[in-house]
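Text of start07.txt, listed as compact mmCIF, C-alpha atoms:
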```txt
# COMPACT_ATOMS: atom_id res chain seq x y z
CA MET A 1 -45.41 -38.50 -29.05
CA ARG A 2 -48.22 -35.97 -29.04
CA ALA A 3 -50.50 -35.50 -32.02
CA ASP A 4 -51.58 -31.99 -30.96
CA ALA A 5 -51.68 -29.78 -34.04
CA THR A 6 -50.45 -26.79 -32.07
CA ARG A 7 -47.15 -28.35 -30.99
CA ILE A 8 -43.91 -29.13 -32.70
CA SER A 9 -43.01 -32.81 -32.72
CA THR A 10 -40.09 -33.16 -30.32
CA VAL A 11 -38.81 -36.47 -29.12
CA LEU A 12 -36.44 -37.62 -26.43
CA GLY A 13 -32.80 -37.88 -27.26
CA ASN A 14 -32.66 -36.55 -30.81
CA THR A 15 -30.92 -33.30 -29.95
CA VAL A 16 -27.32 -34.23 -29.22
CA HIS A 17 -25.08 -37.13 -29.89
CA GLU A 18 -24.57 -38.00 -26.29
CA GLY A 19 -21.59 -40.32 -26.39
CA ILE A 20 -19.21 -38.03 -28.24
CA HIS A 21 -16.38 -36.41 -26.35
CA PRO A 22 -16.80 -32.62 -25.96
CA ALA A 23 -13.94 -32.02 -28.38
CA ASP A 24 -15.93 -33.88 -31.01
CA GLN A 25 -19.22 -32.09 -30.38
CA ALA A 26 -19.18 -29.58 -33.22
CA TYR A 27 -22.13 -31.34 -34.74
CA VAL A 28 -25.69 -30.67 -33.68
CA SER A 29 -28.34 -33.05 -35.01
CA ARG A 30 -29.02 -32.08 -38.60
CA ARG A 31 -32.55 -33.33 -38.51
CA PRO A 32 -35.01 -30.76 -37.21
CA HIS A 33 -38.32 -31.37 -35.44
CA PHE A 34 -41.65 -31.20 -37.22
CA ILE A 35 -45.38 -31.34 -36.85
CA ASN A 36 -46.63 -34.78 -35.89
CA ASN A 37 -49.78 -34.67 -38.02
CA LYS A 38 -51.15 -33.08 -41.17
CA HIS A 39 -51.79 -29.63 -39.71
CA ARG A 40 -49.44 -26.69 -39.69
CA ALA A 41 -47.86 -25.29 -36.56
CA SER A 42 -48.40 -21.69 -35.64
CA ARG A 43 -45.69 -19.26 -34.67
CA THR A 44 -47.22 -19.38 -31.21
CA ALA A 45 -46.46 -23.10 -31.13
CA VAL A 46 -42.83 -22.44 -32.05
CA MET A 47 -42.50 -19.90 -29.27
CA SER A 48 -44.20 -22.30 -26.87
CA LEU A 49 -41.60 -24.95 -27.70
CA LYS A 50 -38.74 -22.51 -27.24
CA ASP A 51 -40.22 -21.47 -23.89
CA SER A 52 -40.16 -25.10 -22.78
CA MET A 53 -36.42 -25.48 -23.37
CA PRO A 54 -34.31 -25.74 -20.22
CA ASN A 55 -31.56 -23.18 -19.80
CA LEU A 56 -29.50 -24.30 -16.83
CA THR A 57 -26.09 -22.93 -15.99
CA SER A 58 -23.16 -25.30 -15.59
CA SER A 59 -23.34 -24.62 -11.86
CA GLN A 60 -26.99 -25.71 -11.75
CA ALA A 61 -26.16 -28.84 -13.75
CA SER A 62 -23.36 -29.71 -11.34
CA GLU A 63 -25.72 -29.23 -8.40
CA LEU A 64 -28.29 -31.55 -9.98
CA VAL A 65 -25.72 -34.32 -10.40
CA SER A 66 -24.67 -33.96 -6.78
CA GLN A 67 -28.17 -33.78 -5.33
CA ILE A 68 -29.94 -36.39 -7.48
CA PHE A 69 -27.16 -38.89 -8.12
CA GLY A 70 -24.90 -38.34 -5.14
CA LEU A 71 -21.78 -37.82 -7.24
CA ILE A 72 -19.00 -35.28 -6.80
CA VAL A 73 -18.52 -33.35 -10.03
CA SER A 74 -15.01 -32.39 -11.10
CA GLU A 75 -15.86 -31.09 -14.59
CA VAL A 76 -19.04 -30.07 -16.40
CA LYS A 77 -19.41 -28.65 -19.92
CA PRO A 78 -22.52 -27.78 -21.95
CA LEU A 79 -23.07 -29.86 -25.08
CA PRO A 80 -24.93 -28.77 -28.23
CA SER A 81 -28.69 -29.24 -27.94
CA TYR A 82 -31.79 -28.49 -29.98
CA ASP A 83 -34.72 -28.29 -27.58
CA ASP A 84 -33.38 -30.16 -24.54
CA GLN A 85 -30.18 -29.44 -22.64
CA ASN A 86 -27.16 -31.69 -22.26
CA PHE A 87 -23.94 -31.53 -20.29
CA TYR A 88 -20.75 -33.52 -20.37
CA VAL A 89 -19.93 -34.52 -16.79
CA ARG A 90 -16.77 -35.95 -15.25
CA VAL A 91 -16.95 -36.96 -11.59
CA SER A 92 -14.27 -37.19 -8.92
CA ASP A 93 -13.26 -40.78 -9.71
CA GLY A 94 -12.75 -39.91 -13.40
CA VAL A 95 -15.92 -41.57 -14.72
CA GLU A 96 -17.64 -39.66 -17.55
CA TYR A 97 -21.38 -39.19 -18.03
CA VAL A 98 -23.89 -37.14 -20.00
CA LEU A 99 -26.53 -35.23 -18.06
CA LYS A 100 -29.75 -34.83 -20.03
CA ILE A 101 -32.48 -32.35 -19.10
CA LEU A 102 -35.57 -32.89 -21.23
CA ASN A 103 -37.67 -29.88 -22.24
CA SER A 104 -40.71 -29.23 -20.07
CA THR A 105 -43.21 -30.14 -22.81
CA ASP A 106 -41.80 -33.61 -23.46
CA SER A 107 -41.21 -34.08 -19.75
CA GLU A 108 -44.97 -34.52 -19.49
CA ASN A 109 -44.83 -37.70 -21.59
CA LEU A 110 -43.48 -40.02 -18.94
CA THR A 111 -44.67 -43.21 -20.62
CA LEU A 112 -42.74 -42.58 -23.83
CA VAL A 113 -39.61 -41.50 -21.99
CA GLU A 114 -39.74 -44.54 -19.72
CA MET A 115 -40.21 -46.83 -22.72
CA GLN A 116 -37.25 -45.34 -24.55
CA THR A 117 -35.09 -45.63 -21.45
CA TYR A 118 -36.18 -49.25 -21.00
CA ILE A 119 -35.37 -50.09 -24.62
CA MET A 120 -31.88 -48.66 -24.35
CA ALA A 121 -31.24 -50.82 -21.28
CA PHE A 122 -32.70 -53.84 -23.09
CA LEU A 123 -30.37 -53.39 -26.05
CA HIS A 124 -27.41 -52.92 -23.73
CA GLN A 125 -28.28 -56.15 -21.92
CA HIS A 126 -28.23 -57.94 -25.26
CA GLY A 127 -24.70 -56.76 -26.00
CA LEU A 128 -25.34 -53.71 -28.19
CA PRO A 129 -23.24 -50.57 -27.55
CA VAL A 130 -26.00 -48.35 -26.19
CA GLN A 131 -26.14 -45.82 -23.39
CA THR A 132 -27.99 -46.64 -20.18
CA ALA A 133 -29.42 -44.46 -17.43
CA ILE A 134 -27.66 -44.22 -14.07
CA PRO A 135 -29.98 -44.72 -11.04
CA THR A 136 -30.66 -41.79 -8.76
CA CYS A 137 -29.96 -41.94 -5.04
CA THR A 138 -33.48 -43.34 -4.63
CA GLY A 139 -33.02 -45.99 -7.33
CA GLN A 140 -35.01 -44.29 -10.11
CA LEU A 141 -33.78 -43.96 -13.70
CA MET A 142 -35.07 -40.39 -14.06
CA SER A 143 -36.10 -37.57 -11.81
CA LEU A 144 -38.75 -34.91 -12.42
CA GLN A 145 -37.33 -31.65 -11.09
CA THR A 146 -38.87 -28.22 -10.67
CA ILE A 147 -36.26 -25.71 -11.84
CA ASP A 148 -36.30 -21.96 -12.41
CA CYS A 149 -34.15 -21.20 -15.46
CA GLY A 150 -34.90 -17.49 -15.30
CA SER A 151 -38.42 -17.43 -16.79
CA GLY A 152 -40.32 -19.07 -13.96
CA SER A 153 -40.32 -22.54 -12.48
CA LYS A 154 -40.99 -25.49 -14.79
CA ARG A 155 -40.73 -29.25 -14.43
CA TYR A 156 -37.99 -31.08 -16.33
CA LEU A 157 -37.11 -34.76 -16.52
CA VAL A 158 -33.46 -35.31 -15.63
CA ARG A 159 -31.35 -38.37 -16.46
CA LEU A 160 -27.67 -39.19 -16.16
CA MET A 161 -26.48 -41.39 -19.01
CA THR A 162 -23.39 -43.52 -19.46
CA TYR A 163 -20.68 -42.16 -21.72
CA LEU A 164 -19.83 -43.88 -25.00
CA PRO A 165 -16.39 -43.46 -26.59
CA GLY A 166 -15.70 -42.95 -30.25
CA LYS A 167 -16.36 -40.56 -33.11
CA THR A 168 -19.24 -40.45 -35.55
CA VAL A 169 -19.17 -42.28 -38.86
CA ALA A 170 -19.57 -38.87 -40.49
CA LYS A 171 -16.02 -38.03 -39.41
CA ILE A 172 -14.36 -41.00 -41.12
CA SER A 173 -13.98 -42.22 -44.67
CA SER A 174 -16.54 -45.03 -44.80
CA SER A 175 -14.94 -48.19 -46.17
CA PRO A 176 -16.98 -51.12 -47.50
CA GLU A 177 -15.97 -52.98 -44.34
CA ILE A 178 -17.53 -50.48 -41.92
CA LEU A 179 -20.59 -50.16 -44.17
CA TYR A 180 -21.03 -53.92 -43.95
CA GLU A 181 -20.81 -53.72 -40.15
CA ILE A 182 -23.33 -50.87 -40.10
CA GLY A 183 -25.81 -52.88 -42.14
CA LYS A 184 -25.26 -55.89 -39.91
CA MET A 185 -25.68 -53.81 -36.74
CA ALA A 186 -28.91 -52.22 -38.01
CA ALA A 187 -30.47 -55.63 -38.67
CA THR A 188 -29.19 -57.03 -35.37
CA MET A 189 -30.66 -54.08 -33.50
CA ASP A 190 -34.10 -54.59 -35.05
CA GLU A 191 -33.96 -58.30 -34.33
CA VAL A 192 -33.27 -57.59 -30.66
CA LEU A 193 -35.92 -54.87 -30.50
CA GLN A 194 -38.48 -57.34 -31.80
CA LYS A 195 -37.92 -59.45 -28.66
CA ILE A 196 -39.19 -56.71 -26.38
CA ASP A 197 -42.24 -57.70 -24.34
CA HIS A 198 -43.38 -54.67 -22.39
CA PRO A 199 -46.86 -53.48 -21.33
CA ASN A 200 -46.20 -50.04 -22.82
CA ARG A 201 -44.88 -51.24 -26.17
CA SER A 202 -47.99 -49.78 -27.81
CA VAL A 203 -46.69 -46.27 -27.11
CA LEU A 204 -44.43 -46.82 -30.13
CA GLU A 205 -47.48 -47.09 -32.40
CA ARG A 206 -47.02 -43.46 -33.36
CA LYS A 207 -49.75 -42.86 -35.92
CA ASN A 208 -48.86 -40.19 -38.46
CA PHE A 209 -45.36 -39.77 -37.02
CA ILE A 210 -43.91 -37.80 -39.90
CA TRP A 211 -40.49 -39.51 -39.88
CA ASN A 212 -41.95 -43.01 -40.19
CA LEU A 213 -41.76 -44.11 -43.84
CA SER A 214 -45.40 -45.16 -43.61
CA SER A 215 -46.17 -41.44 -43.42
CA THR A 216 -44.69 -40.69 -46.84
CA PRO A 217 -48.10 -39.65 -48.26
CA LEU A 218 -48.37 -37.02 -45.50
CA LEU A 219 -45.56 -35.13 -47.23
CA GLU A 220 -48.17 -33.89 -49.70
CA SER A 221 -49.42 -31.53 -46.99
CA TYR A 222 -46.02 -29.83 -46.98
CA LEU A 223 -45.21 -29.71 -50.70
CA HIS A 224 -46.26 -26.07 -50.84
CA VAL A 225 -42.89 -25.23 -49.26
CA MET A 226 -41.35 -26.40 -52.55
CA ASP A 227 -43.40 -24.04 -54.73
CA GLY A 228 -41.20 -22.72 -57.53
CA ASP A 229 -38.54 -25.38 -57.00
CA PRO A 230 -38.06 -27.77 -59.95
CA MET A 231 -37.64 -30.61 -57.43
CA GLN A 232 -41.30 -30.35 -56.48
CA GLN A 233 -42.49 -32.49 -59.39
CA LEU A 234 -39.93 -35.20 -58.62
CA LEU A 235 -41.12 -35.27 -55.02
CA LYS A 236 -44.70 -35.67 -56.20
CA ASP A 237 -43.61 -38.51 -58.48
CA VAL A 238 -41.81 -40.32 -55.66
CA ILE A 239 -44.85 -40.03 -53.37
CA GLN A 240 -46.98 -41.49 -56.16
CA GLN A 241 -44.51 -44.36 -56.57
CA TYR A 242 -44.89 -45.08 -52.84
CA LYS A 243 -48.66 -45.18 -53.20
CA SER A 244 -48.49 -47.42 -56.26
CA HIS A 245 -45.63 -49.81 -55.42
CA VAL A 246 -45.13 -49.78 -51.64
CA LEU A 247 -48.45 -49.11 -49.95
CA PRO A 248 -50.28 -52.07 -51.55
CA ASN A 249 -47.55 -54.45 -50.34
CA LEU A 250 -47.16 -53.35 -46.71
CA ASP A 251 -48.86 -56.53 -45.52
CA SER A 252 -45.99 -58.53 -47.05
CA PHE A 253 -43.33 -56.68 -45.03
CA ARG A 254 -42.14 -58.12 -41.70
CA LYS A 255 -43.00 -55.83 -38.79
CA CYS A 256 -40.59 -54.67 -36.11
CA ILE A 257 -39.62 -51.70 -33.96
CA ASN A 258 -37.45 -49.25 -35.90
CA HIS A 259 -34.68 -47.10 -34.47
CA GLY A 260 -35.73 -44.80 -37.29
CA ASP A 261 -32.67 -42.56 -37.49
CA PHE A 262 -29.67 -44.84 -37.97
CA ASN A 263 -27.56 -42.17 -39.60
CA ASP A 264 -23.89 -41.28 -39.90
CA HIS A 265 -24.07 -38.98 -36.88
CA ASN A 266 -25.83 -41.51 -34.65
CA ILE A 267 -23.23 -44.25 -35.03
CA LEU A 268 -19.95 -44.08 -33.12
CA VAL A 269 -16.83 -45.97 -34.18
CA GLU A 270 -13.37 -46.65 -32.75
CA HIS A 271 -10.16 -47.80 -34.38
CA ASP A 272 -9.91 -51.57 -34.48
CA GLY A 273 -6.31 -52.23 -35.41
CA LEU A 274 -5.63 -53.32 -38.96
CA ALA A 275 -9.32 -54.09 -39.44
CA GLY A 276 -10.11 -50.36 -39.56
CA TYR A 277 -13.06 -49.43 -37.37
CA LYS A 278 -15.58 -51.12 -35.14
CA ILE A 279 -18.93 -49.75 -34.00
CA SER A 280 -18.65 -48.42 -30.45
CA GLY A 281 -21.97 -46.70 -29.97
CA ILE A 282 -25.55 -46.27 -31.17
CA LEU A 283 -27.18 -42.95 -30.32
CA ASP A 284 -30.51 -41.13 -30.53
CA PHE A 285 -33.50 -43.34 -29.80
CA GLY A 286 -36.01 -40.52 -29.99
CA ASP A 287 -37.45 -41.53 -33.38
CA MET A 288 -38.25 -45.12 -32.48
CA SER A 289 -41.61 -46.29 -33.74
CA SER A 290 -43.36 -49.43 -34.89
CA GLY A 291 -42.53 -50.12 -38.52
CA TYR A 292 -40.95 -52.73 -40.76
CA TYR A 293 -37.50 -54.23 -41.10
CA VAL A 294 -37.09 -52.94 -44.65
CA PHE A 295 -37.76 -49.39 -43.43
CA GLU A 296 -34.67 -49.54 -41.21
CA LEU A 297 -32.53 -50.81 -44.08
CA ALA A 298 -33.76 -48.07 -46.42
CA ILE A 299 -33.07 -45.37 -43.83
CA THR A 300 -29.60 -46.76 -43.19
CA ILE A 301 -28.68 -46.86 -46.88
CA MET A 302 -29.97 -43.33 -47.42
CA TYR A 303 -27.92 -41.82 -44.61
CA MET A 304 -24.78 -43.74 -45.49
CA MET A 305 -25.06 -42.28 -48.99
CA ILE A 306 -25.02 -38.70 -47.69
CA GLU A 307 -21.32 -38.45 -46.90
CA SER A 308 -20.05 -40.97 -49.44
CA ALA A 309 -17.97 -40.04 -52.47
CA ASN A 310 -19.43 -43.06 -54.29
CA ALA A 311 -22.97 -42.80 -52.99
CA ILE A 312 -24.84 -45.23 -55.24
CA ASP A 313 -22.53 -48.13 -54.44
CA VAL A 314 -22.95 -47.72 -50.66
CA GLY A 315 -26.01 -49.96 -50.87
CA GLY A 316 -24.00 -53.09 -51.72
CA PRO A 317 -21.99 -53.57 -48.50
CA VAL A 318 -24.80 -52.22 -46.30
CA LEU A 319 -27.18 -54.72 -47.87
CA ALA A 320 -24.64 -57.52 -47.49
CA GLY A 321 -24.32 -56.81 -43.79
CA TRP A 322 -28.06 -56.52 -43.32
CA GLU A 323 -28.90 -59.76 -45.10
CA SER A 324 -26.24 -61.66 -43.17
CA VAL A 325 -28.67 -61.23 -40.26
CA PHE A 326 -32.10 -60.73 -41.84
CA PRO A 327 -32.58 -61.66 -45.52
CA LEU A 328 -35.24 -59.64 -47.32
CA ASN A 329 -38.26 -61.31 -48.85
CA GLU A 330 -39.31 -60.58 -52.43
CA ALA A 331 -41.77 -57.82 -51.55
CA GLU A 332 -39.21 -56.07 -49.36
CA ARG A 333 -36.56 -56.25 -52.07
CA ASN A 334 -38.94 -54.79 -54.62
CA ALA A 335 -39.74 -51.87 -52.29
CA LEU A 336 -36.23 -51.00 -51.15
CA TYR A 337 -35.41 -48.59 -53.99
CA PHE A 338 -38.66 -46.66 -53.53
CA LEU A 339 -38.21 -46.46 -49.76
CA VAL A 340 -34.73 -44.98 -50.08
CA LEU A 341 -36.18 -42.35 -52.42
CA CYS A 342 -38.91 -41.65 -49.89
CA ARG A 343 -36.42 -41.01 -47.10
CA PHE A 344 -34.58 -38.51 -49.26
CA CYS A 345 -37.93 -36.80 -49.90
CA GLN A 346 -38.70 -36.66 -46.19
CA SER A 347 -35.35 -35.06 -45.51
CA LEU A 348 -35.77 -32.39 -48.20
CA VAL A 349 -39.42 -31.47 -47.66
CA LEU A 350 -39.26 -31.40 -43.88
CA ALA A 351 -36.05 -29.38 -43.88
CA ARG A 352 -37.75 -26.81 -46.09
CA ARG A 353 -40.74 -26.90 -43.76
CA ALA A 354 -38.50 -26.26 -40.76
CA ILE A 355 -37.02 -23.21 -42.47
CA THR A 356 -40.46 -21.59 -42.46
CA LEU A 357 -40.45 -22.03 -38.68
CA TYR A 358 -36.76 -21.30 -38.05
CA PRO A 359 -35.59 -19.09 -40.95
CA GLU A 360 -32.52 -18.01 -39.00
CA ASN A 361 -31.30 -21.65 -39.08
CA GLU A 362 -31.59 -22.22 -42.84
CA GLU A 363 -27.94 -23.12 -43.39
CA TYR A 364 -27.99 -25.61 -40.53
CA LEU A 365 -31.34 -27.15 -41.45
CA MET A 366 -30.42 -27.72 -45.10
CA THR A 367 -27.10 -29.49 -44.48
CA THR A 368 -28.37 -32.98 -45.28
CA ALA A 369 -31.02 -31.88 -47.74
CA ARG A 370 -28.64 -30.11 -50.14
CA THR A 371 -26.48 -33.18 -50.57
CA GLY A 372 -29.58 -35.35 -50.66
CA VAL A 373 -31.00 -33.48 -53.64
CA ARG A 374 -28.10 -34.63 -55.81
CA HIS A 375 -28.42 -38.23 -54.65
CA LEU A 376 -32.19 -38.24 -55.10
CA GLN A 377 -31.87 -36.94 -58.65
CA GLN A 378 -29.19 -39.51 -59.48
CA LEU A 379 -31.22 -42.40 -58.06
CA TRP A 380 -34.28 -41.29 -59.99
CA GLU A 381 -32.40 -40.83 -63.27
CA LEU A 382 -30.68 -44.22 -63.02
CA GLY A 383 -34.00 -45.91 -62.34
CA LYS A 384 -35.06 -48.84 -60.20
CA GLU A 385 -33.59 -51.63 -62.31
CA GLN A 386 -30.09 -50.19 -62.59
CA VAL A 387 -29.87 -49.11 -58.94
CA GLU A 388 -31.10 -52.48 -57.69
CA ARG A 389 -28.59 -54.24 -59.89
CA ARG A 390 -25.76 -52.21 -58.40
CA TRP A 391 -26.96 -52.78 -54.85
CA PHE A 392 -27.64 -56.50 -55.03
CA ASP A 393 -24.68 -57.29 -57.28
CA GLY A 394 -22.58 -55.13 -55.00
CA ALA A 395 -23.66 -57.24 -52.01
CA LYS A 396 -22.62 -60.41 -53.82
CA GLU A 397 -19.31 -58.91 -54.86
CA TYR A 398 -18.58 -57.80 -51.31
CA LEU A 399 -18.95 -61.36 -50.05
CA LYS A 400 -16.79 -62.72 -52.83
CA THR A 401 -13.95 -60.41 -51.88
CA HIS A 402 -14.46 -60.83 -48.11
CA PRO A 403 -14.66 -64.59 -47.57
CA GLY A 404 -14.50 -64.25 -43.78
CA THR A 405 -17.86 -62.48 -43.59
CA VAL A 406 -21.14 -64.20 -42.88
CA PRO A 407 -22.63 -65.35 -46.20
CA LEU A 408 -25.93 -63.88 -47.29
CA LYS A 409 -28.81 -66.29 -47.12
CA GLY A 410 -30.73 -66.67 -50.32
CA ILE A 411 -27.99 -65.20 -52.54
CA THR A 412 -26.15 -67.45 -54.94
CA PHE A 413 -22.89 -66.57 -56.63
CA LEU A 414 -22.55 -66.68 -60.39
```
Could you quickly redo this structure as structure tokens?
Amino acid sequence: MRADATRISTVLGNTVHEGIHPADQAYVSRRPHFINNKHRASRTAVMSLKDSMPNLTSSQASELVSQIFGLIVSEVKPLPSYDDQNFYVRVSDGVEYVLKILNSTDSENLTLVEMQTYIMAFLHQHGLPVQTAIPTCTGQLMSLQTIDCGSGSKRYLVRLMTYLPGKTVAKISSSPEILYEIGKMAATMDEVLQKIDHPNRSVLERKNFIWNLSSTPLLESYLHVMDGDPMQQLLKDVIQQYKSHVLPNLDSFRKCINHGDFNDHNILVEHDGLAGYKISGILDFGDMSSGYYVFELAITIMYMMIESANAIDVGGPVLAGWESVFPLNEAERNALYFLVLCRFCQSLVLARRAITLYPENEEYLMTTARTGVRHLQQLWELGKEQVERRWFDGAKEYLKTHPGTVPLKGITFL
């Protein structure tokens, strides 16, 4: 990820939920892209980013698949994208893929793209439902192509990804059972990620990456977008709580690599008989960065709350699933409430910031933030003690009523 103040922060893979069937592709990633440091982007930067977006026709996409991967295309359809371009592809033998053409700006960052591609393959090898890249005719996992999309020739990284079945969690009614599995999967994923030994692992040390929870204090640079909004003071208060109660205890948190965007639109599920649903896919590895285990849990709880009719109680089963794999230590438990608040703040402030750059997309950009405002206010009004009681007691209650699940370590029943 670049730290150039004149560029919008765009990352690989966070523009479309690649494994979803075209009929299920109405959703385009709610989370916009933002500046990757404390400075503001200029309108010139926004135009520069838009100029870097690929704009291939379906015919050009089909030709790429044939030339680079040696496959005969029988069907190709464009998929929703933000600043990259994606196509659903079916080849002559019926196998389905997703063709991804990365924007020309991010195509310059080969090291980050290669690391993300490697990590996806690593997770897949360890049994997680993750997409992998299909080798080109020359055995490479990506190809840098010079393409003229109508505004002059530019270079774009091209990959062909495996297809994942299922529909997003956002399209189902989330039961405690699937929430437990989501929490368990999030912890399992971070445990596997921590095993990665790669010479370029340091590329994930993304200092001042605005979506890392460590960057919560950087939100102060954007609070002006909330001028006149009564939520502004609450946001200031949450940032202060982070500084007072989280920042001094970071050394007590266990470090790991975070997926960083384990939300209800990045998790695919399939029917699993009488058991309900099972997780069939994990999408969008563009926000990966070095962080802490408890960050991943906080992000997961926050996003599972968004679509829930009983948002506060989502934390119980998610926490139960998480701690069946990775029990929190005392410092992490004490920080969890504040970190969930911080993620809601990131969502709201950065959505408002994006509207100043993309005013024509206000309705789209505020989808998550509008719901999040209500949840943030409720969490704040209930207070840390009451919310924690509901989350941790809810985790215990889930295990009592689901005796076949893995028991939480360190939790005793009353």
- Task: Would you work out the distance separating atom CA of Pro217 of chain A from atom CA of Gln240 of chain A, expressed in Å to one decimal?
- Result: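 Interatomic distance, atom CA of Pro217 of chain A to atom CA of Gln240 of chain A: 8.2 Å.
Residues within 6 Å of segment 340-348 of chain A, counting only C-alpha atoms and excluding same-chain residues fewer than 5 positions away, are A:Ala298, A:Met302, A:Ala369.
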- Query: Between A:Lys278, A:Arg370, A:Arg159, A:Lys77, which one has atoms that come closest to Leu64 of chain A, using only C-alpha atoms?
  - Reply: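 When distances to Leu64 of chain A are compared using only C-alpha atoms, the smallest one comes from A:Arg159.
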- Quick one, how far is atom CA of Ile101 of chain A from atom CA of Asn266 of chain A?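 About the pair atom CA of Ile101 of chain A and atom CA of Asn266 of chain A: they are 19.2 Å apart.
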- Between atom CA of Asn103 of chain A and atom CA of Pro54 of chain A - distance in Å to one decimal: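 A separation of 5.7 Å between them.
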For Gln131 of chain A, list every protein, DNA or RNA residue within 9 Å, evaluated using all atoms listed in the file, and leave out those in the same chain fewer than 4 positions away; present the list as a PDB file with C-alpha atoms, keeping the file's coordinate frame.
```
ATOM      1  CA  GLU A  18     -24.570 -38.000 -26.290  1.00  0.00           C
ATOM      2  CA  GLY A  19     -21.590 -40.320 -26.390  1.00  0.00           C
ATOM      3  CA  MET A 120     -31.880 -48.660 -24.350  1.00  0.00           C
ATOM      4  CA  ALA A 121     -31.240 -50.820 -21.280  1.00  0.00           C
ATOM      5  CA  HIS A 124     -27.410 -52.920 -23.730  1.00  0.00           C
ATOM      6  CA  MET A 161     -26.480 -41.390 -19.010  1.00  0.00           C
ATOM      7  CA  THR A 162     -23.390 -43.520 -19.460  1.00  0.00           C
ATOM      8  CA  TYR A 163     -20.680 -42.160 -21.720  1.00  0.00           C
ATOM      9  CA  LEU A 164     -19.830 -43.880 -25.000  1.00  0.00           C
ATOM     10  CA  GLY A 281     -21.970 -46.700 -29.970  1.00  0.00           C
ATOM     11  CA  ILE A 282     -25.550 -46.270 -31.170  1.00  0.00           C
ATOM     12  CA  LEU A 283     -27.180 -42.950 -30.320  1.00  0.00           C
TER      13      LEU A 283
END
```
Please put the answer as lines of an AutoDock Vina configuration file: centre and edge lengths, in Å with one decimal, of a box along x, y and z that encloses all listed atoms of segment 133-151 of chain A plus 6 Å on each side.
```
center_x = -33.3
center_y = -31.7
center_z = -11.0
size_x = 23.2
size_y = 40.6
size_z = 24.8
```
- Message: Give me, as a VMD selection string, all polymer residues having an atom no more than 7 Å from Gly291 of chain A, counting all atoms listed in the file and skipping those fewer than 3 positions away in the same chain.
- Response: chain A and resid 255 to 258 295
- Task: Considering all atoms listed in the file, return as a PyMOL selection string whatever protein or nucleic-acid residues lie within 7 Å of segment 185-201 of chain A, sequence-local ones (same chain, fewer than 2 positions apart) excluded.
- Result: chain A and resi 115+123+181-183+203-204+256-258+293+322+325-326
- Message: Nearest residue to Thr105 of chain A out of A:Met53, A:Val373, A:Met142, A:Ala133, using only C-alpha atoms?
- Response: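 Smallest separation from Thr105 of chain A among the options: A:Met53.
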- Query: Which residue, A:Tyr398, A:Tyr88, A:Tyr242, A:Phe209, has the smallest gap to Leu179 of chain A when you use all atoms listed in the file?
  - Reply: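 The answer is A:Tyr398, which sits nearest to Leu179 of chain A.
Minimum atom-to-atom distances from A:Leu79, A:Ala61, A:Val349, A:Val387 to His224 of chain A were compared using all atoms listed in the file, and the lowest value belongs to A:Val349.
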Output segment 351-361 of chain A from the block with N, CA and C atoms, as a PDB file, in the first residue's frame?
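Writing the result to part.pdb gives the following:
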```pdb
ATOM      1  N   ALA A 351     -16.788   6.972   5.641  1.00  0.00           N
ATOM      2  CA  ALA A 351     -17.860   7.065   4.651  1.00  0.00           C
ATOM      3  C   ALA A 351     -18.181   8.529   4.358  1.00  0.00           C
ATOM      4  N   ARG A 352     -18.266   9.329   5.413  1.00  0.00           N
ATOM      5  CA  ARG A 352     -18.506  10.756   5.218  1.00  0.00           C
ATOM      6  C   ARG A 352     -17.361  11.392   4.437  1.00  0.00           C
ATOM      7  N   ARG A 353     -16.152  10.969   4.716  1.00  0.00           N
ATOM      8  CA  ARG A 353     -14.993  11.484   3.991  1.00  0.00           C
ATOM      9  C   ARG A 353     -15.098  11.129   2.513  1.00  0.00           C
ATOM     10  N   ALA A 354     -15.519   9.918   2.217  1.00  0.00           N
ATOM     11  CA  ALA A 354     -15.622   9.487   0.824  1.00  0.00           C
ATOM     12  C   ALA A 354     -16.664  10.305   0.075  1.00  0.00           C
ATOM     13  N   ILE A 355     -17.701  10.732   0.774  1.00  0.00           N
ATOM     14  CA  ILE A 355     -18.750  11.511   0.120  1.00  0.00           C
ATOM     15  C   ILE A 355     -18.209  12.837  -0.388  1.00  0.00           C
ATOM     16  N   THR A 356     -17.215  13.400   0.307  1.00  0.00           N
ATOM     17  CA  THR A 356     -16.606  14.643  -0.178  1.00  0.00           C
ATOM     18  C   THR A 356     -15.834  14.411  -1.474  1.00  0.00           C
ATOM     19  N   LEU A 357     -15.409  13.179  -1.697  1.00  0.00           N
ATOM     20  CA  LEU A 357     -14.674  12.833  -2.915  1.00  0.00           C
ATOM     21  C   LEU A 357     -15.599  12.318  -4.005  1.00  0.00           C
ATOM     22  N   TYR A 358     -16.662  11.606  -3.590  1.00  0.00           N
ATOM     23  CA  TYR A 358     -17.600  10.997  -4.534  1.00  0.00           C
ATOM     24  C   TYR A 358     -19.031  11.377  -4.148  1.00  0.00           C
ATOM     25  N   PRO A 359     -19.396  12.651  -4.211  1.00  0.00           N
ATOM     26  CA  PRO A 359     -20.731  13.065  -3.752  1.00  0.00           C
ATOM     27  C   PRO A 359     -21.874  12.386  -4.498  1.00  0.00           C
ATOM     28  N   GLU A 360     -21.615  11.975  -5.730  1.00  0.00           N
ATOM     29  CA  GLU A 360     -22.678  11.319  -6.504  1.00  0.00           C
ATOM     30  C   GLU A 360     -22.994   9.928  -5.962  1.00  0.00           C
ATOM     31  N   ASN A 361     -22.125   9.385  -5.093  1.00  0.00           N
ATOM     32  CA  ASN A 361     -22.316   8.040  -4.550  1.00  0.00           C
ATOM     33  C   ASN A 361     -22.733   8.042  -3.082  1.00  0.00           C
TER      34      ASN A 361
END
```
